[in-house]
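Colleague: Before I ask anything, here is the structure I am working with.
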There are 2 protein chains.
Amino acid sequence: MAFSKTEAFTDVDQKLALWAKALSHPARVAILRELAQRNACICGELVANLPLSQATVSQHLKVLKEAGLISGEIDGPRICYCIHWPTLEEMENALNRLFKQIKPCC
Amino acid sequence: MAFSKTEAFTDVDQKLALWAKALSHPARVAILRELAQRNACICGELVANLPLSQATVSQHLKVLKEAGLISGEIDGPRICYCIHWPTLEEMENALNRLFKQIKPCC
DNA sequence: ATTGTATATCGTAAATATACGATTAAATAT
DNA sequence: ATATTTAATCGTATATTTACGATATACAAT
């Protein structure tokens with residue numbers, strides 16, 4: 001009697017759900033915005049700009065990374081996070097297809 | 001030391017996060033698709049088409065309803081769910097603005 | 001009035017998410 | 001070599017989500 005029967009749905013819907021989940025916390029939306037604005041950004045500055053602890057921000061970054069929406073490259077003692085454009089585009093396209101498919105009627 | 005400090009973020013990011021959360025389970029994406037295809041649909045048919053129990057589907061419908069993405073009207077002994085277009089458009093627009101704001105760089 | 005049908009809600013168990021302090025790891029700088 | 005800095009991970013507490021059986025509710029039909 002396991003939980004989260006996500007495997008029973010289509011790949012497209014699973015992917016959409018995973019991306020949506022990645023965006024389902026305002027901190028993560030804010031992080032994406034922030035990274036985009038600077039086009040690249042270290043984690044430290046993010047922590048300074050968010051009302052969350054370093055540990056928590058790091059956790060949110062991990063979620064975004066696992067969803068493929070950002071990537072982080074080592075740069076000396078810090079990590080330079082930036083948006084991973086290919087996945088972001090993929091997500092945007094999937095959403096647009098969903099809306100397109102949904103909207104015609106009515 | 002409460003949890004989920006969502007109130008510390010902007011209204012826009014909170015809204016986006018709430019909508020994303022509503023889409024963060026494949027069953028709910030599938031429900032939206034299904035409702036859109038028929039433009040209106042009773043819950044019973046949804047249950048028949050989803051690998052989930054009636055109680056669980058009803059719960060997912062509640063989440064979508066609370067996010068404003070669907071509405072349900074009483075129709076005899078059943079409830080006729082359908083997509084709530086104004087909110088769906090609002091969400092689509094908010095997402096497009098986010099992508100637009102994010103994409104310019106790089 | 002009783003029965004049947006459709007859907008919501010309740011109760012509950014398990015999984016996942018959120019948050020943070022403390023610690024660790026890894027590179028830089030001294 | 002040692003100290004400093006930056007970010008990840010660990011441990012832990014609490015909250016929320018997911019799932020379902022059982023029950024309640026509300027209307028329709030008989």
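Ordering of the structure tokens sets the chain letters (A, B, ...); residue numbers start at 1 within each chain; ligands are numbered from 1 in the order shown.
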Hey, could you make a per-residue contact list for chain A against chain C with 9 Å as the cut-off, showing the nearest pair of atoms and its distance in Å to one decimal, counting only C-alpha atoms (C1' of nucleotides), sorted by chain and number, as CSV?
Modeller:
```
residue,atom,partner,partner_atom,distance
A:Met1,CA,C:DA14,C1',9.0
A:Ala2,CA,C:DA14,C1',7.9
A:Phe3,CA,C:DA15,C1',6.5
A:Ser4,CA,C:DA15,C1',7.9
A:Leu52,CA,C:DA19,C1',8.2
A:Ser53,CA,C:DC20,C1',6.7
A:Gln54,CA,C:DC20,C1',8.7
A:Ala55,CA,C:DC20,C1',7.0
A:Thr56,CA,C:DA19,C1',6.3
A:Gly76,CA,C:DA27,C1',6.0
A:Pro77,CA,C:DA27,C1',4.7
A:Arg78,CA,C:DA27,C1',8.3
```
Colleague: How would the residues just picked look written out with N, CA and C atoms as an mmCIF file, in the first residue's frame?
Modeller:
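Output file result-v1.cif follows:
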```
data_model
loop_
_atom_site.group_PDB
_atom_site.id
_atom_site.type_symbol
_atom_site.label_atom_id
_atom_site.label_comp_id
_atom_site.auth_asym_id
_atom_site.auth_seq_id
_atom_site.Cartn_x
_atom_site.Cartn_y
_atom_site.Cartn_z
ATOM 1 N N MET A 1 0.833 -1.210 0.000
ATOM 2 C CA MET A 1 0.000 0.000 0.000
ATOM 3 C C MET A 1 0.864 1.257 0.000
ATOM 4 N N ALA A 2 1.633 1.350 -1.060
ATOM 5 C CA ALA A 2 2.586 2.464 -1.161
ATOM 6 C C ALA A 2 1.862 3.796 -1.357
ATOM 7 N N PHE A 3 2.616 4.848 -1.418
ATOM 8 C CA PHE A 3 2.027 6.172 -1.594
ATOM 9 C C PHE A 3 2.500 6.852 -2.856
ATOM 10 N N SER A 4 1.748 7.904 -3.234
ATOM 11 C CA SER A 4 2.089 8.645 -4.437
ATOM 12 C C SER A 4 2.180 7.715 -5.642
ATOM 13 N N LEU A 52 15.295 33.191 4.682
ATOM 14 C CA LEU A 52 15.451 31.789 5.068
ATOM 15 C C LEU A 52 16.904 31.528 5.434
ATOM 16 N N SER A 53 17.137 30.505 6.198
ATOM 17 C CA SER A 53 18.499 30.179 6.620
ATOM 18 C C SER A 53 19.300 29.592 5.462
ATOM 19 N N GLN A 54 20.598 29.547 5.648
ATOM 20 C CA GLN A 54 21.472 28.998 4.604
ATOM 21 C C GLN A 54 21.118 27.541 4.312
ATOM 22 N N ALA A 55 20.855 26.778 5.342
ATOM 23 C CA ALA A 55 20.525 25.368 5.158
ATOM 24 C C ALA A 55 19.253 25.199 4.328
ATOM 25 N N THR A 56 18.282 26.034 4.622
ATOM 26 C CA THR A 56 17.000 25.931 3.917
ATOM 27 C C THR A 56 17.132 26.344 2.458
ATOM 28 N N GLY A 76 35.887 28.208 -7.191
ATOM 29 C CA GLY A 76 36.641 28.468 -5.973
ATOM 30 C C GLY A 76 35.916 27.868 -4.787
ATOM 31 N N PRO A 77 35.830 28.585 -3.729
ATOM 32 C CA PRO A 77 35.214 28.042 -2.514
ATOM 33 C C PRO A 77 33.690 28.096 -2.566
ATOM 34 N N ARG A 78 33.161 28.705 -3.592
ATOM 35 C CA ARG A 78 31.704 28.833 -3.648
ATOM 36 C C ARG A 78 31.146 28.051 -4.832
#
```
Colleague: Could you name the residues that touch Ala94 in chain B at 12 Å or less, counting only C-alpha atoms (C1' of nucleotides), but leaving out those on the same chain fewer than 5 positions away, as JSON, numbers by chain?
Modeller: {"A": [29], "B": [11, 12, 13, 14, 15, 16, 17, 18, 19, 20, 87, 88, 89, 99, 100, 101]}
Colleague: Could you write out the selected residues, including all heavy atoms, as a short mmCIF file (atom, residue, chain, number, x, y, z; two decimals), in the first residue's frame?
Modeller:
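Result went into selection_7.cif, see below:
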```cif
data_model
loop_
_atom_site.label_atom_id
_atom_site.label_comp_id
_atom_site.auth_asym_id
_atom_site.auth_seq_id
_atom_site.Cartn_x
_atom_site.Cartn_y
_atom_site.Cartn_z
N VAL A 29 10.48 30.08 -6.69
CA VAL A 29 10.16 31.02 -7.77
C VAL A 29 11.07 32.23 -7.65
O VAL A 29 11.64 32.70 -8.64
CB VAL A 29 8.68 31.45 -7.70
CG1 VAL A 29 8.37 32.45 -8.80
CG2 VAL A 29 7.76 30.24 -7.82
N ASP B 11 3.48 38.76 -3.51
CA ASP B 11 2.18 38.21 -3.86
C ASP B 11 2.24 37.39 -5.14
O ASP B 11 1.66 36.31 -5.24
CB ASP B 11 1.15 39.34 -4.03
CG ASP B 11 0.73 39.92 -2.70
OD1 ASP B 11 1.23 39.44 -1.65
OD2 ASP B 11 -0.08 40.86 -2.69
N VAL B 12 2.96 37.94 -6.11
CA VAL B 12 3.08 37.25 -7.39
C VAL B 12 3.71 35.87 -7.22
O VAL B 12 3.19 34.88 -7.73
CB VAL B 12 3.94 38.08 -8.38
CG1 VAL B 12 4.05 37.36 -9.72
CG2 VAL B 12 3.34 39.46 -8.58
N ASP B 13 4.80 35.83 -6.49
CA ASP B 13 5.48 34.55 -6.30
C ASP B 13 4.65 33.58 -5.47
O ASP B 13 4.66 32.38 -5.71
CB ASP B 13 6.86 34.77 -5.66
CG ASP B 13 7.85 35.38 -6.65
OD1 ASP B 13 7.48 35.55 -7.82
OD2 ASP B 13 8.99 35.68 -6.25
N GLN B 14 3.90 34.11 -4.53
CA GLN B 14 3.01 33.25 -3.74
C GLN B 14 1.93 32.64 -4.63
O GLN B 14 1.61 31.46 -4.53
CB GLN B 14 2.37 34.03 -2.60
CG GLN B 14 3.29 34.24 -1.42
CD GLN B 14 2.58 34.94 -0.27
OE1 GLN B 14 1.55 34.49 0.19
NE2 GLN B 14 3.12 36.06 0.17
N LYS B 15 1.36 33.49 -5.48
CA LYS B 15 0.30 33.01 -6.37
C LYS B 15 0.83 31.95 -7.31
O LYS B 15 0.22 30.89 -7.48
CB LYS B 15 -0.26 34.18 -7.18
CG LYS B 15 -1.57 34.73 -6.63
CD LYS B 15 -2.19 35.67 -7.67
CE LYS B 15 -3.58 36.11 -7.25
NZ LYS B 15 -4.18 37.04 -8.23
N LEU B 16 1.97 32.25 -7.92
CA LEU B 16 2.58 31.28 -8.84
C LEU B 16 2.82 29.96 -8.12
O LEU B 16 2.53 28.88 -8.66
CB LEU B 16 3.90 31.83 -9.39
CG LEU B 16 3.78 32.75 -10.60
CD1 LEU B 16 5.09 33.43 -10.91
CD2 LEU B 16 3.31 31.95 -11.82
N ALA B 17 3.34 30.05 -6.90
CA ALA B 17 3.64 28.84 -6.14
C ALA B 17 2.36 28.06 -5.85
O ALA B 17 2.34 26.83 -5.95
CB ALA B 17 4.36 29.19 -4.85
N LEU B 18 1.29 28.77 -5.51
CA LEU B 18 0.03 28.09 -5.22
C LEU B 18 -0.52 27.36 -6.45
O LEU B 18 -0.97 26.23 -6.36
CB LEU B 18 -1.01 29.08 -4.71
CG LEU B 18 -0.87 29.48 -3.25
CD1 LEU B 18 -1.88 30.54 -2.86
CD2 LEU B 18 -1.05 28.24 -2.36
N TRP B 19 -0.46 28.03 -7.58
CA TRP B 19 -0.93 27.40 -8.82
C TRP B 19 -0.05 26.21 -9.17
O TRP B 19 -0.54 25.15 -9.57
CB TRP B 19 -0.95 28.41 -9.96
CG TRP B 19 -2.10 29.37 -9.87
CD1 TRP B 19 -3.37 29.08 -9.45
CD2 TRP B 19 -2.10 30.76 -10.22
NE1 TRP B 19 -4.14 30.22 -9.50
CE2 TRP B 19 -3.40 31.26 -9.98
CE3 TRP B 19 -1.13 31.63 -10.72
CZ2 TRP B 19 -3.74 32.59 -10.22
CZ3 TRP B 19 -1.48 32.94 -10.97
CH2 TRP B 19 -2.78 33.42 -10.72
N ALA B 20 1.25 26.40 -9.04
CA ALA B 20 2.18 25.31 -9.34
C ALA B 20 1.88 24.12 -8.44
O ALA B 20 1.89 22.97 -8.90
CB ALA B 20 3.61 25.78 -9.16
N THR B 87 -9.39 32.01 -13.92
CA THR B 87 -8.19 31.73 -13.14
C THR B 87 -7.13 31.06 -13.99
O THR B 87 -5.94 31.35 -13.87
CB THR B 87 -8.53 30.85 -11.94
OG1 THR B 87 -9.61 31.44 -11.21
CG2 THR B 87 -7.32 30.70 -11.02
N LEU B 88 -7.58 30.16 -14.87
CA LEU B 88 -6.62 29.48 -15.72
C LEU B 88 -5.86 30.49 -16.58
O LEU B 88 -4.63 30.40 -16.76
CB LEU B 88 -7.31 28.46 -16.62
CG LEU B 88 -6.37 27.40 -17.16
CD1 LEU B 88 -6.25 26.24 -16.20
CD2 LEU B 88 -6.80 26.91 -18.52
N GLU B 89 -6.59 31.48 -17.08
CA GLU B 89 -5.94 32.52 -17.89
C GLU B 89 -4.98 33.34 -17.04
O GLU B 89 -3.88 33.68 -17.48
CB GLU B 89 -7.01 33.47 -18.47
CG GLU B 89 -7.89 32.81 -19.51
CD GLU B 89 -7.72 33.47 -20.88
OE1 GLU B 89 -7.55 34.70 -20.92
OE2 GLU B 89 -7.75 32.74 -21.88
N PHE B 99 8.28 33.79 -17.38
CA PHE B 99 9.22 33.33 -18.41
C PHE B 99 9.81 34.51 -19.17
O PHE B 99 11.00 34.54 -19.45
CB PHE B 99 8.52 32.38 -19.38
CG PHE B 99 8.23 31.04 -18.78
CD1 PHE B 99 6.97 30.47 -18.89
CD2 PHE B 99 9.21 30.33 -18.11
CE1 PHE B 99 6.70 29.21 -18.34
CE2 PHE B 99 8.95 29.08 -17.55
CZ PHE B 99 7.69 28.53 -17.67
N LYS B 100 8.97 35.45 -19.47
CA LYS B 100 9.43 36.63 -20.20
C LYS B 100 10.49 37.36 -19.39
O LYS B 100 11.53 37.75 -19.90
CB LYS B 100 8.24 37.56 -20.47
CG LYS B 100 8.41 38.47 -21.67
CD LYS B 100 7.12 39.23 -21.94
CE LYS B 100 7.30 40.25 -23.05
NZ LYS B 100 6.08 41.08 -23.23
N GLN B 101 10.22 37.48 -18.10
CA GLN B 101 11.15 38.20 -17.24
C GLN B 101 12.45 37.43 -17.08
O GLN B 101 13.54 37.98 -16.98
CB GLN B 101 10.51 38.40 -15.86
CG GLN B 101 11.18 39.49 -15.03
CD GLN B 101 10.87 39.35 -13.56
OE1 GLN B 101 9.99 38.58 -13.17
NE2 GLN B 101 11.59 40.08 -12.73
#
```
Colleague: Return the single residue from B:Glu66, B:Val57, B:Arg28, B:Lys103 that is closest to DC20 in chain D, with distances computed using only C-alpha atoms (C1' of nucleotides).
Modeller: B:Val57
Colleague: Quick one: pick out all alpha helix (DSSP H) residues within chain A from a backbone DSSP run and write them as a ChimeraX atom specification.
Modeller: /A:11-22,26-38,43-49,54-66,85-102
Colleague: Residues of chain A within 7 Å of chain B, counting only C-alpha atoms, what are they? List them as a PyMOL selection string.
Modeller: chain A and resi 6+8-9+13-14+17-18+20-21+23-26+29-30+33+36-37+39+51+102+105-106
Colleague: Print the selection's residues with N, CA and C atoms to a file, as a PDB file, in the first residue's frame.
Modeller:
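Contents of the output file out.pdb:
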```
ATOM      1  N   THR A   6       2.270   8.028  -8.673  1.00  0.00           N
ATOM      2  CA  THR A   6       2.526   8.860  -9.842  1.00  0.00           C
ATOM      3  C   THR A   6       2.834   8.038 -11.079  1.00  0.00           C
ATOM      4  N   ALA A   8       1.422   5.777 -12.426  1.00  0.00           N
ATOM      5  CA  ALA A   8       0.263   5.318 -13.191  1.00  0.00           C
ATOM      6  C   ALA A   8      -0.192   6.332 -14.234  1.00  0.00           C
ATOM      7  N   PHE A   9       0.518   7.454 -14.336  1.00  0.00           N
ATOM      8  CA  PHE A   9       0.095   8.498 -15.267  1.00  0.00           C
ATOM      9  C   PHE A   9       1.037   8.617 -16.455  1.00  0.00           C
ATOM     10  N   ASP A  13       2.369  14.104 -18.213  1.00  0.00           N
ATOM     11  CA  ASP A  13       1.744  14.613 -16.997  1.00  0.00           C
ATOM     12  C   ASP A  13       2.670  14.472 -15.792  1.00  0.00           C
ATOM     13  N   GLN A  14       3.455  13.417 -15.780  1.00  0.00           N
ATOM     14  CA  GLN A  14       4.421  13.268 -14.690  1.00  0.00           C
ATOM     15  C   GLN A  14       5.474  14.367 -14.725  1.00  0.00           C
ATOM     16  N   ALA A  17       3.997  17.640 -13.692  1.00  0.00           N
ATOM     17  CA  ALA A  17       3.792  17.647 -12.245  1.00  0.00           C
ATOM     18  C   ALA A  17       5.113  17.867 -11.508  1.00  0.00           C
ATOM     19  N   LEU A  18       6.178  17.249 -11.998  1.00  0.00           N
ATOM     20  CA  LEU A  18       7.479  17.411 -11.339  1.00  0.00           C
ATOM     21  C   LEU A  18       7.966  18.851 -11.436  1.00  0.00           C
ATOM     22  N   ALA A  20       6.073  21.475 -11.927  1.00  0.00           N
ATOM     23  CA  ALA A  20       5.171  22.289 -11.113  1.00  0.00           C
ATOM     24  C   ALA A  20       5.560  22.199  -9.641  1.00  0.00           C
ATOM     25  N   LYS A  21       5.924  21.007  -9.227  1.00  0.00           N
ATOM     26  CA  LYS A  21       6.335  20.817  -7.830  1.00  0.00           C
ATOM     27  C   LYS A  21       7.562  21.665  -7.521  1.00  0.00           C
ATOM     28  N   LEU A  23       8.271  24.421  -8.713  1.00  0.00           N
ATOM     29  CA  LEU A  23       7.865  25.835  -8.614  1.00  0.00           C
ATOM     30  C   LEU A  23       6.841  26.057  -7.510  1.00  0.00           C
ATOM     31  N   SER A  24       6.561  25.022  -6.735  1.00  0.00           N
ATOM     32  CA  SER A  24       5.446  25.111  -5.802  1.00  0.00           C
ATOM     33  C   SER A  24       5.792  25.742  -4.461  1.00  0.00           C
ATOM     34  N   HIS A  25       6.947  26.348  -4.358  1.00  0.00           N
ATOM     35  CA  HIS A  25       7.275  27.131  -3.151  1.00  0.00           C
ATOM     36  C   HIS A  25       7.787  28.497  -3.593  1.00  0.00           C
ATOM     37  N   PRO A  26       7.217  29.562  -3.015  1.00  0.00           N
ATOM     38  CA  PRO A  26       7.578  30.916  -3.459  1.00  0.00           C
ATOM     39  C   PRO A  26       9.074  31.196  -3.391  1.00  0.00           C
ATOM     40  N   VAL A  29      10.483  30.076  -6.692  1.00  0.00           N
ATOM     41  CA  VAL A  29      10.160  31.017  -7.771  1.00  0.00           C
ATOM     42  C   VAL A  29      11.066  32.235  -7.654  1.00  0.00           C
ATOM     43  N   ALA A  30      11.216  32.730  -6.440  1.00  0.00           N
ATOM     44  CA  ALA A  30      12.060  33.905  -6.197  1.00  0.00           C
ATOM     45  C   ALA A  30      13.509  33.631  -6.593  1.00  0.00           C
ATOM     46  N   ARG A  33      13.829  33.787 -10.366  1.00  0.00           N
ATOM     47  CA  ARG A  33      13.826  35.201 -10.759  1.00  0.00           C
ATOM     48  C   ARG A  33      15.184  35.844 -10.519  1.00  0.00           C
ATOM     49  N   ALA A  36      17.892  34.567 -12.773  1.00  0.00           N
ATOM     50  CA  ALA A  36      17.690  35.051 -14.134  1.00  0.00           C
ATOM     51  C   ALA A  36      18.132  36.500 -14.256  1.00  0.00           C
ATOM     52  N   GLN A  37      17.749  37.295 -13.278  1.00  0.00           N
ATOM     53  CA  GLN A  37      18.105  38.709 -13.319  1.00  0.00           C
ATOM     54  C   GLN A  37      19.606  38.916 -13.426  1.00  0.00           C
ATOM     55  N   ASN A  39      21.638  36.410 -14.226  1.00  0.00           N
ATOM     56  CA  ASN A  39      22.086  35.403 -15.177  1.00  0.00           C
ATOM     57  C   ASN A  39      23.051  34.405 -14.533  1.00  0.00           C
ATOM     58  N   PRO A  51      14.391  35.344   3.135  1.00  0.00           N
ATOM     59  CA  PRO A  51      14.130  35.291   4.577  1.00  0.00           C
ATOM     60  C   PRO A  51      14.241  33.871   5.107  1.00  0.00           C
ATOM     61  N   ILE A 102      -5.828  22.558 -23.754  1.00  0.00           N
ATOM     62  CA  ILE A 102      -6.936  22.800 -22.835  1.00  0.00           C
ATOM     63  C   ILE A 102      -7.877  23.880 -23.343  1.00  0.00           C
ATOM     64  N   CYS A 105     -11.781  24.552 -26.319  1.00  0.00           N
ATOM     65  CA  CYS A 105     -13.193  24.454 -26.002  1.00  0.00           C
ATOM     66  C   CYS A 105     -13.635  25.629 -25.138  1.00  0.00           C
ATOM     67  N   CYS A 106     -14.839  26.104 -25.364  1.00  0.00           N
ATOM     68  CA  CYS A 106     -15.453  27.140 -24.533  1.00  0.00           C
ATOM     69  C   CYS A 106     -14.855  28.502 -24.789  1.00  0.00           C
TER      70      CYS A 106
END
```
